[in-house]
Structure formats: C-alpha cells, structure tokens
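Below: one structure, written as structure tokens.
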Amino acid sequence: MVFPKPSSESDLFLHSNFASCYGGDSLPRFTMPHNSMPKEAAYQNIHDELQLDAIPKLNLASFVTTSMEEECNKLIMESINKNYVDMDEYPATTDLHNRCVNMIARLFHAEIGEDENAIGAGTVGSSEAIMLAGLAFKKKWQNKRKAEGKPYDKPNLVTGSNVQVCWEKFARYFEVELREVEVREGYYVMDPAKAVELVDENTICVAAILGSTYNGEFEDVKLLNDLLLQKNKQTGWDTPIHVDAASGGFIAPFLYPELEWDFRLALVKSINVSGHKYGLVYAGIGWVIWRTKDDLPEDLVFHINYLGADQPTFTLNFSKGSSQIIAQYYQLVRLGHEGYRSIMENCRENAMVLKENIEKSGRFNILSKDDGVPVVAFSLKDRSQYDEYKISEMLRRHGWIVPAYPMPPAAQHINVLRVVIRAEFSRTLAQRLVFDINDVLHELEKLHLPKVINNITEEKKELVESGVKKTALDAHREIIAQESNKRQKIMAA
C-alpha cells in the first residue's frame with residue numbers, strides 16, 4: 001500500500017499519531033511502502049501490534065530467560081552493534097567469550113590445567129551446539145574407520161525418543177541414522193541398558209539428556225557410562241557419550257554437585273548447554289564444550305585471516321551479535337557460584353510449592369520428578385468430561401501460557417500440562433497460577449454440570465420406570481398365587 005503524504009507540517013508536529021493519517025490506516029504487510037513515515041508513527045504502530053503477544057514472564061511453556069538486571073541490559077545495548085566474528089576488531093569481546101568457555105568447562109570438570117585454555121565455542125543456542133558436537137563425533141568416527149580400512153558410510157546415533165527435535169534435525173541434515181530408545185508409561189526418559197543394546201560399530205555416540213523437555217527429568221548418565229564401558233571392553237569399540245545439558249547444565253552443578261554426569265565420567269566427550277535457559281541470559285546464546293583438544297577433529301576447524309588476523313572458527317554461521325556473549329559473562333561474574341545456587345534453589349522451592357498445591361486438587365497425576373529441572377508436569381486422572389488441552393486453552397484467558405502435549409511414541413496416549421519454573425517466576429506468581437488452575441477447573445465443571453445432571457435425570461427416570469413396571473408385575477403375580485391357593489384348598493376339601 002502507499003501512504004499519502006501529509007497535507008501540511010502540522011500533521012507531523014501538532015497532531016498525535018492517532019489523529020494523523022498514519023493512525024487511520026494499517027501498516028503494509030507484503031509490499032514495502034513507496035513513501036516514508038515519521039519515526040514516531042512507525043514506532044507507535046509496531047508497538048501497538050506487538051501488544052497482541054503474550055506477556056513473556058507468563059509464558060510458562062518456555063525455558064528461555066525473559067528478564068535480566070538493568071545493568072546487564074545497558075551492556076547489551078552498548079554492544080548490540082558489535083559483530084562477534086570481527087575478533088581482531090573487538091579483542092575485548094573475544095576475550096570475554098574465551099573466559100566464558102573456560103568458566104563453563106571447569107564447571108563441568110573438563111580435563112584442563114590451571115593455566116590451560118578449554119576447548120569450546122559460543123553458539124546461537126543448543127541446537128547449533130548439538131550440530132557441532134554431532135559433526136565432531138561423525139568426523140572422528142569416519143577418520144578412524146578410514147584408517148582401519150572399514151566402511152564409513154552408515155553412521156548411527158543412539159538417543160531416547162524424548163530428545164528435542166534438534167537431534168532429529170542433525171540426523172536428517174547430516175545423514176546419520178537415528179536410533180531411538182522408546183520411553184514407556186511411568187518411565188519417560190531413555191533406559192541406559194536399552195540404549196547400549198542399540199550400539200554397534202557404526203555408532204558415533206550415545207546422547208544422554210540432562211533435563212528432558214517433557215518432564216525435566218535427568219537421565220542416568222553415570223549408569224550409561226558404566227554399561228557402555230563394559231560393552232566397549234567386550235567389543236573393542238570406543239563408543240563415546242554426548243550430554244545434552246541444554247536445560248540442566250546450569251542446574252546440576254549448583255543443586256546436585258555430587259551427581260556424576262559430566263567430564264568426571266570417562267566416556268563423556270562433549271557437553272552442550274543453553275546460556276539462554278538456566279544460564280540466565282536472553283535468547284540467542286548456547287555453548288558446546290569438548291573434553292580435550294583431541295575430541296574436536298582439527299579438519300573441522302577453519303582458519304580465516306581476511307578480517308585482519310588468523311582466526312580459528314568452528315560454527316555453522318558467520319556473523320552474529322556480541323550482546324549475548326557479554327551478557328553471559330556478566331551473569332557468571334555477577335552471580336558466581338553463590339548467586340546461581342541461590343537462584344536454582346529458589347526455582348526448585350517454587351516448583352515444589354506449585355506441585356504440592358496441584359496435588360491437593362486431587363485431579364492430577366504428577367509426572368515430573370523432584371530432582372531435575374524445576375518443571376512441574378501433570379496430567380488429568382479423569383478425562384471423561386474435559387482434557388488437558390481444554391485446561392491449557394482456558395488458562396490463556398487468565399494470561400498464562402501452559403502447554404499441553406502428548407508424551408513421546410509408546411506413551412503418547414498420555415497428555416501432559418507442563419509448567420517451567422524460571423528465575424523470574426516468583427512465589428506470588430506460583431500461588432496465583434494455582435488459584436487460576438482451580439478457577440479453570442471449577443468453571444469447566446460448571447460447564448459440564450448440566451450434562452451430568454441430565455445424564456443423572458435420565459438414569460433416575462429409567463430406574464423409576466423400571467421400578468413401576470416391577471411393582472405392577474409383582475402385584476399381578478401375587479393375585480395369581482392367591483387364586484391358585486384357593487383352588488388347591490377347594491380341591492383338597
């Protein structure tokens with residue numbers, strides 16, 4: 001569409017946006033307009049349309065951070081025009097990136113000396129991190145098979161059926177067979193024993209999830225490591241493990257420090273974690289860390305020099321913003337172990353409050369675990385009148401985004417409502433959510449009450465009619481019996 005030019009300068013300086021021609025027409029949707037418009041009008045129109053989005057803090061479907069401190073927001077805006085790939089031009093930003101890699105690697109107990117640099121990279125999220133880790137496993141497996149003179153055209157990867165879709169993308173994009181261990185009712189994560197059974201000489205790695213998307217549960221990486229060590233010893237293979245710690249990587253070190261899931265286990269060769277989840281940074285930052293330099297094949301690393309200096313790079317993209325990297329460093333040094341531990345403990349406590357109150361309603365089964373990512377997953381005990389999707393739909397009227405979805409194949413007959421407890425989800429919001437869930441349940445019961453009453457009325461009517469027929473029949477039988485007795489007495493006399 002074409003916007004008309006203002007008839008006079010008064011339209012720009014005296015009239016409000018709502019009284020101008022720009023407030024009386026909609027913004028173009030498919031074609032760039034021919035004329036320009038005032039910056040105030042452009043802002044106001046776009047701002048108003050974005051009000052139709054959900055409130056991020058009430059989006060309980062997402063694991064992604066939606067709130068940061070004002071000081072960090074300032075750093076983000078101050079660095080929003082820096083392209084991270086220009087490492088020679090922005091050496092301080094590059095150094096902050098490397099500091100983050102080293103801090104996270106040591107958090108995961110990587111095998112590095114005190115003054116040694118860790119091997120890792122910042123990514124736009126865990127999806128890219130998983131692609132990079134998967135490529136490293138595939139390339140290392142191929143190089144070994146080539147050296148042994150064996151076929152290297154049929155690589156496979158073992159995961160649970162509860163993995164995030166990015167694993168399916170990796171398998172499809174990079175031509176790797178995906179072997180999935182099916183979950184089952186009551187056991188919604190990968191069974192380590194069944195996973196090891198699927199491993200063969202073409203398996204590039206087994207992927208374990210530290211925090212299932214479906215219910216937040218940690219998979220047993222220690223048991224997987226022990227079983228796989230035994231199989232490798234028996235077969236002569238050296239099948240490794242990757243840990244997808246997108247959600248749990250910034251939780252386990254602070255809430256469950258004794259839990260062995262990371263580089264303390266011999267077969268764990270790489271780990272990914274989402275900085276924009278419980279790393280407490282806005283969307284757009286993930287990390288992938290390798291155990292040692294030998295676990296990242298050198299032929300995957302590119303060296304470029306046309307930006308002013310030799311720069312090693314291993315990413316799927318090139319240009320990307322620096323803001324999230326700087327925000328991650330801010331959170332690591334601002335909070336430290338003490339701050340992260342305090343925040344994760346608070347998340348866990350809020351999850352327990354929510355879980356206990358949902359259980360009190362008596363209408364739900366809890367499918368999440370107390371230990372793991374602070375998630376509350378629950379399903380209806382009785383779905384005869386309404387289901388989880390209806391509850392999800394009606395909670396939106398209160399402003400809440402609470403997703404409803406089926407469990408993975410083999411357990412997909414079970415529908416789940418899931419609430420993700422993030423750092424910005426307060427106790428007050430938890431209690432309010434409980435109130436609104438109960439309110440929705442009462443409303444649904446009222447909606448279905450007439451139908452229930454009608455069914456009861458019909459049942460009573462049938463019983464009454466049946467009772468009347470039965471009473472008349474009994475009376476008739478009694479008359480016949482009396483007449484028969486009289487005849488027998490007369491005959492006897």
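Lettering and numbering for the structure tokens are positional, with chains as A, B, ... in the shown order, residues counted from 1 in each chain, and ligands counted from 1 in the shown order.
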### Who sits within 12 Å of Ile104 of chain A, only C-alpha atoms, same chain under 3 positions skipped, as number ranges by chain
A: 97-101, 107-110, 112, 117-122, 245, 249-250, 253, 262-263, 271-275, 279, 286-291, 328-329, 332-333, 336-337
Can those selected residues be exported to a file as a PDB file, in the first residue's frame so that it contains C-alpha atoms?
ATOM      1  CA  HIS A  97      33.940 -15.251  25.041  1.00  0.00           C
ATOM      2  CA  ASN A  98      37.035 -17.275  25.881  1.00  0.00           C
ATOM      3  CA  ARG A  99      36.576 -16.572  29.580  1.00  0.00           C
ATOM      4  CA  CYS A 100      33.026 -17.928  29.392  1.00  0.00           C
ATOM      5  CA  VAL A 101      34.233 -21.110  27.666  1.00  0.00           C
ATOM      6  CA  LEU A 107      32.179 -26.025  35.948  1.00  0.00           C
ATOM      7  CA  PHE A 108      31.775 -29.298  34.028  1.00  0.00           C
ATOM      8  CA  HIS A 109      35.110 -30.695  35.302  1.00  0.00           C
ATOM      9  CA  ALA A 110      36.915 -30.645  31.947  1.00  0.00           C
ATOM     10  CA  ILE A 112      42.390 -28.809  31.647  1.00  0.00           C
ATOM     11  CA  ASN A 117      42.540 -22.905  27.750  1.00  0.00           C
ATOM     12  CA  ALA A 118      39.431 -25.035  27.385  1.00  0.00           C
ATOM     13  CA  ILE A 119      38.099 -26.195  24.012  1.00  0.00           C
ATOM     14  CA  GLY A 120      34.647 -24.856  23.218  1.00  0.00           C
ATOM     15  CA  ALA A 121      32.566 -22.327  21.357  1.00  0.00           C
ATOM     16  CA  GLY A 122      29.671 -19.959  21.826  1.00  0.00           C
ATOM     17  CA  ALA A 245      22.611 -30.397  29.143  1.00  0.00           C
ATOM     18  CA  GLY A 249      23.811 -27.821  32.695  1.00  0.00           C
ATOM     19  CA  PHE A 250      23.445 -24.707  34.835  1.00  0.00           C
ATOM     20  CA  PRO A 253      26.455 -28.115  39.379  1.00  0.00           C
ATOM     21  CA  ASP A 262      29.819 -34.505  33.175  1.00  0.00           C
ATOM     22  CA  PHE A 263      33.525 -34.886  32.299  1.00  0.00           C
ATOM     23  CA  ILE A 271      28.546 -31.256  26.511  1.00  0.00           C
ATOM     24  CA  ASN A 272      26.184 -28.557  25.280  1.00  0.00           C
ATOM     25  CA  VAL A 273      24.355 -26.095  27.499  1.00  0.00           C
ATOM     26  CA  SER A 274      21.958 -23.234  26.802  1.00  0.00           C
ATOM     27  CA  GLY A 275      23.105 -19.930  28.221  1.00  0.00           C
ATOM     28  CA  GLY A 279      22.403 -19.684  32.227  1.00  0.00           C
ATOM     29  CA  GLY A 286      24.457 -21.574  23.773  1.00  0.00           C
ATOM     30  CA  TRP A 287      27.764 -23.301  24.474  1.00  0.00           C
ATOM     31  CA  VAL A 288      29.470 -26.505  23.408  1.00  0.00           C
ATOM     32  CA  ILE A 289      32.464 -27.779  25.370  1.00  0.00           C
ATOM     33  CA  TRP A 290      34.827 -30.621  24.445  1.00  0.00           C
ATOM     34  CA  ARG A 291      36.693 -32.729  26.977  1.00  0.00           C
ATOM     35  CA  GLN A 328      26.641 -14.385  29.772  1.00  0.00           C
ATOM     36  CA  TYR A 329      29.954 -13.144  31.148  1.00  0.00           C
ATOM     37  CA  LEU A 332      28.865 -15.551  35.540  1.00  0.00           C
ATOM     38  CA  VAL A 333      30.891 -12.892  37.342  1.00  0.00           C
ATOM     39  CA  GLY A 336      29.139 -16.524  40.906  1.00  0.00           C
ATOM     40  CA  HIS A 337      28.507 -19.928  42.476  1.00  0.00           C
TER      41      HIS A 337
END
### Message
When you look at Glu197 of chain A with a cut-off of 10 Å (counting only C-alpha atoms), what residues show up, excluding the ones that are within fewer than 2 positions of it in the same chain? I need them as a list in words.
### Response
Val158, Val181, Pro192, Ala193, Lys194, Ala195, Val199, Asp200, Leu227, Leu228 and Lys231 of chain A
### Message
Can you measure atom CA of Asp244 of chain A to atom CA of Leu429 of chain A for me? One decimal in Å is fine.
### Response
29.6 Å
### Within 8 Å of Val189 of chain A using only C-alpha atoms, minus same-chain residues under 5 positions, as a list in words
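The filter keeps Gly160, Ser161, Asn162, Val183, Ser212, Glu217, Phe218 and Glu219 of chain A.
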### Message
List as a list of chain:residue names the protein and nucleic acid residues near Leu135 of chain A, meaning an atom at most 9 Å away when only C-alpha atoms are counted, but skip any in the same chain fewer than 5 places from it.
### Response
A:Ile130, A:Lys140, A:Phe170, A:Phe174, A:Leu300
#### Entry: Asn202 of chain A surroundings by only C-alpha atoms, 12 Å radius, close-in-sequence under 6 positions cut, as a list in words
Phe137, Lys138, Lys140, Trp141, Gln142, Lys144, Arg145, Lys150, Pro151, Tyr152, Asp153, Lys154, Pro155, Asn156, Leu157, Val158, Val176, Glu177, Leu178, Arg179, Trp237, Asp238, Thr239 and Pro240 of chain A
### Query
Closest to Leu210 of chain A among A:Val434, A:Ile366, A:Ala252, A:Leu354, using only C-alpha atoms?
A:Ala252
### Message
Using only C-alpha atoms, can you tell me which of A:Ala147, A:Leu280, A:Leu198, A:Pro409 comes closest to Leu335 of chain A?
### Response
A:Leu280
### Query
So how far away is atom CA of Phe378 of chain A from atom CA of Phe254 of chain A, in Å?
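Interatomic distance, atom CA of Phe254 of chain A to atom CA of Phe378 of chain A: 25.6 Å.
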### Members of segment 74-106 of chain A assigned helix (DSSP H, G or I) by DSSP, as a ChimeraX atom specification
/A:74-78,91-106
Would you save the residues of that selection, restricted to N, CA, C and O atoms, as a compact mmCIF listing (two decimals), in the first residue's frame?
# COMPACT_ATOMS: atom_id res chain seq x y z
N LYS A 74 21.97 -2.59 29.91
CA LYS A 74 22.80 -1.49 29.40
C LYS A 74 23.98 -2.04 28.61
O LYS A 74 24.31 -1.53 27.52
N LEU A 75 24.64 -3.06 29.15
CA LEU A 75 25.77 -3.66 28.43
C LEU A 75 25.32 -4.24 27.09
O LEU A 75 26.04 -4.15 26.09
N ILE A 76 24.14 -4.85 27.09
CA ILE A 76 23.61 -5.42 25.85
C ILE A 76 23.41 -4.33 24.80
O ILE A 76 23.80 -4.48 23.64
N MET A 77 22.80 -3.23 25.20
CA MET A 77 22.55 -2.14 24.25
C MET A 77 23.85 -1.48 23.81
O MET A 77 23.98 -1.03 22.67
N GLU A 78 24.83 -1.41 24.70
CA GLU A 78 26.12 -0.79 24.35
C GLU A 78 26.91 -1.63 23.35
O GLU A 78 27.77 -1.10 22.64
N PRO A 91 38.78 -7.27 20.24
CA PRO A 91 39.54 -8.25 21.02
C PRO A 91 39.02 -8.44 22.44
O PRO A 91 39.10 -9.53 23.00
N ALA A 92 38.48 -7.36 23.04
CA ALA A 92 37.96 -7.48 24.41
C ALA A 92 36.74 -8.42 24.44
O ALA A 92 36.60 -9.24 25.34
N THR A 93 35.88 -8.29 23.43
CA THR A 93 34.71 -9.17 23.35
C THR A 93 35.14 -10.62 23.15
O THR A 93 34.58 -11.53 23.77
N THR A 94 36.14 -10.83 22.29
CA THR A 94 36.66 -12.17 22.07
C THR A 94 37.21 -12.77 23.35
O THR A 94 37.00 -13.95 23.66
N ASP A 95 37.88 -11.94 24.14
CA ASP A 95 38.44 -12.42 25.40
C ASP A 95 37.33 -12.82 26.37
O ASP A 95 37.45 -13.82 27.09
N LEU A 96 36.24 -12.04 26.40
CA LEU A 96 35.11 -12.39 27.27
C LEU A 96 34.50 -13.72 26.86
O LEU A 96 34.10 -14.52 27.70
N HIS A 97 34.43 -13.96 25.55
CA HIS A 97 33.94 -15.25 25.04
C HIS A 97 34.80 -16.39 25.56
O HIS A 97 34.30 -17.40 26.07
N ASN A 98 36.12 -16.23 25.44
CA ASN A 98 37.04 -17.27 25.88
C ASN A 98 36.95 -17.49 27.39
O ASN A 98 37.08 -18.63 27.87
N ARG A 99 36.73 -16.43 28.13
CA ARG A 99 36.58 -16.57 29.58
C ARG A 99 35.33 -17.41 29.90
O ARG A 99 35.35 -18.25 30.80
N CYS A 100 34.26 -17.15 29.18
CA CYS A 100 33.03 -17.93 29.39
C CYS A 100 33.27 -19.41 29.12
O CYS A 100 32.85 -20.28 29.91
N VAL A 101 33.93 -19.71 28.01
CA VAL A 101 34.23 -21.11 27.67
C VAL A 101 35.02 -21.78 28.78
O VAL A 101 34.72 -22.90 29.20
N ASN A 102 36.03 -21.08 29.30
CA ASN A 102 36.86 -21.65 30.35
C ASN A 102 36.10 -21.84 31.65
O ASN A 102 36.25 -22.86 32.34
N MET A 103 35.28 -20.87 32.02
CA MET A 103 34.50 -20.99 33.26
C MET A 103 33.52 -22.15 33.18
O MET A 103 33.38 -22.92 34.13
N ILE A 104 32.83 -22.27 32.06
CA ILE A 104 31.84 -23.33 31.91
C ILE A 104 32.52 -24.70 31.84
O ILE A 104 32.04 -25.68 32.43
N ALA A 105 33.65 -24.78 31.14
CA ALA A 105 34.38 -26.04 31.04
C ALA A 105 34.82 -26.53 32.42
O ALA A 105 34.72 -27.72 32.75
N ARG A 106 35.31 -25.62 33.24
CA ARG A 106 35.73 -26.00 34.59
C ARG A 106 34.53 -26.34 35.47
O ARG A 106 34.62 -27.19 36.36
### Query
Near Gln324 of chain A, counting only C-alpha atoms, which residues have an atom at most 9 Å away, once you skip same-chain residues fewer than 5 positions from it, shown as a list in words?
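In the requested form, the answer reads Ile76, Ile80, Val124, Gly275, His276, Val281, Tyr282, Ala283, Gly284, Ile285 and Tyr329 of chain A.
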### Message
as a ChimeraX atom specification, please: every residue in segment 225-310 of chain A that a backbone DSSP assignment puts in strand (DSSP E).
### Response
/A:241-244,268-274,286-290,302-304
### Non-local contacts of Met407 of chain A (10 Å; only C-alpha atoms; under 4 positions in same chain excluded) as a list in words
Ser161, Asn162, Val183, Arg184, Glu185, Tyr188, Tyr214, Asn215, Ala411, Gln412, His413, Ile414, Asn415 and Val416 of chain A
### For atom CA of Glu114 of chain A and atom CA of Asp294 of chain A, the interatomic separation in Å (one decimal)
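Atom CA of Glu114 of chain A sits 18.5 Å away from atom CA of Asp294 of chain A.
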### Which of A:Ser26, A:Thr159, A:Thr123, A:Ser67 sits closest to Asn317 of chain A [using only C-alpha atoms]
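Under the stated criterion, the closest residue is A:Thr123.
Using only C-alpha atoms, the smallest distance between any of A:Arg348, A:Lys222, A:His448, A:Lys320 and Ser384 of chain A comes from A:His448.
Considering the residues A:Phe318, A:Asp115, A:Arg397, A:Glu338 and counting only C-alpha atoms, Phe302 of chain A has its shortest atom-to-atom contact with A:Phe318.
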